[in-house]
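Quick notes on the structure that follows.
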Amino acid sequence: MSTSTRARTRLSRVGRPERVAGPLLVLSGVAFFAGGAIHPGDSGEGSKVSQLHEMLVDSMWYPSHALLLAAMACFAAAILAFRRRGSLDAGMATATGVVSVIAVVATIGMTLHLFTALGADGIAGGEKTFLYHLQTWNETIVDPLWGLGIAALAVAGGLTRTLGNPITLALGLIGGLAFALASATIAFTDRFDALFPLASLIGIWAVVVGLMISPRKARSGGAASAPDFDRADTSN
């Protein structure tokens, strides 16, 4: 195999994950914003069990949570692809490593969340079933961790300018913290439910950052390829 061929193969393997990170973040942001916009609500009356039952039997439960599942899956894939960058400093590499694990776990959690509606009949009378407790722990632990992961990644990426900038940092930080607090408390109190609309800033952050990193990676990939091919033309 010639040096030129080896260089093209190496660049293809390195560049492919980086090229998809930006578009995946954009898809994640759009899906998160749309899923949140059509998420079913409740009357705010009765116990938390009855309020959950209202949402589970709503016709928009499956469409909204299918979109949220797609958002979390795309986000996890985007961060895993972004980790493949060789230019990340130690702090950013650690941050993306931790957040990628949280993102994968959150994707599994949202899958369970999506199918919680299958147990709607069990809580129709206000009883706390196993699925209800599973839903509660999922929302109380996994979702807040995901929101905090978004906030941390937005701060680290914004400060280092490897994933956004100081302006996008604010979007991700506020949106992530709002989602984390609202999710952690929704099973116990309505006090912070009003923060969920503010959590839509996560979607805006993901779209903006995704658009920002896509062209930058394409340019850096093109710039890196020239020296390799110049050297490849002189040897076999």
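Each chain in the structure tokens gets a letter, A, B and so on, in the order shown; residues start at 1 in every chain, and ligands are counted from 1 in the order they appear.
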- Task: List every residue of region 7-209 of chain A that DSSP, applied to the backbone of this structure, places in alpha helix (DSSP H), and write the result as a ChimeraX atom specification.
- Result: /A:7-37,48-56,61-82,90-114,130-137,143-160,166-185,201-209
- Item | Spatial neighbours of region 182-195 of chain A, 10 Å, only C-alpha atoms, chain gap at least 5 places, as a PyMOL selection string | chain A and resi 44+47-49+51-52+132-133+135-145+147+174-175+177+200
- Message: If I take CA of Gly176 (chain A) and CA of Ile150 (chain A), how far is one from the other in Å, to one decimal?
- Response: 5.4 Å
- Task: Excluding Val98 (chain A) and residues on its chain fewer than 5 positions from it, collect all residues at most 10 Å away from it, counting only C-alpha atoms, and give them as a ChimeraX atom specification.
- Result: /A:92-93,103,149,153
Can you write out the residues you just picked, keeping C-alpha atoms, as a short mmCIF file (atom, residue, chain, number, x, y, z; two decimals), in the first residue's frame?
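The resulting again_26.cif:
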```cif
data_model
loop_
_atom_site.label_atom_id
_atom_site.label_comp_id
_atom_site.auth_asym_id
_atom_site.auth_seq_id
_atom_site.Cartn_x
_atom_site.Cartn_y
_atom_site.Cartn_z
CA MET A 92 -12.03 18.63 28.24
CA ALA A 93 -11.20 15.00 27.51
CA ALA A 103 -25.53 10.32 28.15
CA GLY A 149 -23.80 16.84 32.37
CA LEU A 153 -20.06 20.29 29.12
#
```
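If you measure from each of A:Asp58, A:Asp89, A:Glu45, A:Glu127 to Thr162 (chain A) using only C-alpha atoms, the closest one turns out to be A:Asp89.
Take the candidates A:Ala154, A:Arg161, A:Ile202, A:Thr116 and check each one against Leu88 (chain A) using only C-alpha atoms; the shortest distance goes to A:Arg161.
One distance worth recording is that between CA of Val155 (chain A) and CA of Ala106 (chain A), which is 19.9 Å.
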- Task: For Trp61 (chain A), work out the shell of residues within 9 Å, counting only C-alpha atoms and skipping chain neighbours fewer than 3 positions away, then give it as a PyMOL selection string.
- Result: chain A and resi 38-40+55-58+64-66+114+117
Could the residues in this selection be written to a file with N, CA and C atoms, as a tab-separated table (two decimals), in the first residue's frame?
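As a result, part33.tsv now contains:
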```tsv
chain	number	residue	atom	x	y	z
A	38	ILE	N	-44.22	19.42	22.91
A	38	ILE	CA	-45.47	18.65	22.83
A	38	ILE	C	-45.65	17.71	24.02
A	39	HIS	N	-44.78	17.84	25.03
A	39	HIS	CA	-44.89	16.97	26.22
A	39	HIS	C	-46.24	17.19	26.90
A	40	PRO	N	-46.96	16.13	27.22
A	40	PRO	CA	-48.27	16.29	27.88
A	40	PRO	C	-48.13	16.87	29.28
A	55	MET	N	-50.81	12.20	32.51
A	55	MET	CA	-49.84	12.34	31.42
A	55	MET	C	-49.65	11.03	30.67
A	56	LEU	N	-49.65	9.92	31.38
A	56	LEU	CA	-49.41	8.62	30.74
A	56	LEU	C	-50.51	8.26	29.75
A	57	VAL	N	-51.73	8.65	30.02
A	57	VAL	CA	-52.85	8.30	29.13
A	57	VAL	C	-53.06	9.35	28.05
A	58	ASP	N	-52.30	10.42	28.08
A	58	ASP	CA	-52.41	11.46	27.05
A	58	ASP	C	-51.87	10.92	25.73
A	64	SER	N	-44.03	12.61	22.14
A	64	SER	CA	-43.09	13.52	22.81
A	64	SER	C	-41.88	12.77	23.34
A	65	HIS	N	-42.11	11.60	23.92
A	65	HIS	CA	-40.98	10.87	24.51
A	65	HIS	C	-40.17	10.11	23.46
A	66	ALA	N	-40.76	9.83	22.32
A	66	ALA	CA	-39.97	9.28	21.22
A	66	ALA	C	-38.98	10.33	20.72
A	114	LEU	N	-40.15	6.13	28.18
A	114	LEU	CA	-41.08	6.08	27.04
A	114	LEU	C	-42.15	5.02	27.26
A	117	ALA	N	-45.78	4.31	30.04
A	117	ALA	CA	-47.21	4.42	29.77
A	117	ALA	C	-47.90	3.06	29.73
```
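Put simply, CA of His113 (chain A) is 18.3 Å away from CA of Val101 (chain A).
Candidate residues A:Gly22, A:Pro63, A:Pro197, A:Gly41 were compared for distance to Phe115 (chain A), and the nearest is A:Pro63, using only C-alpha atoms.
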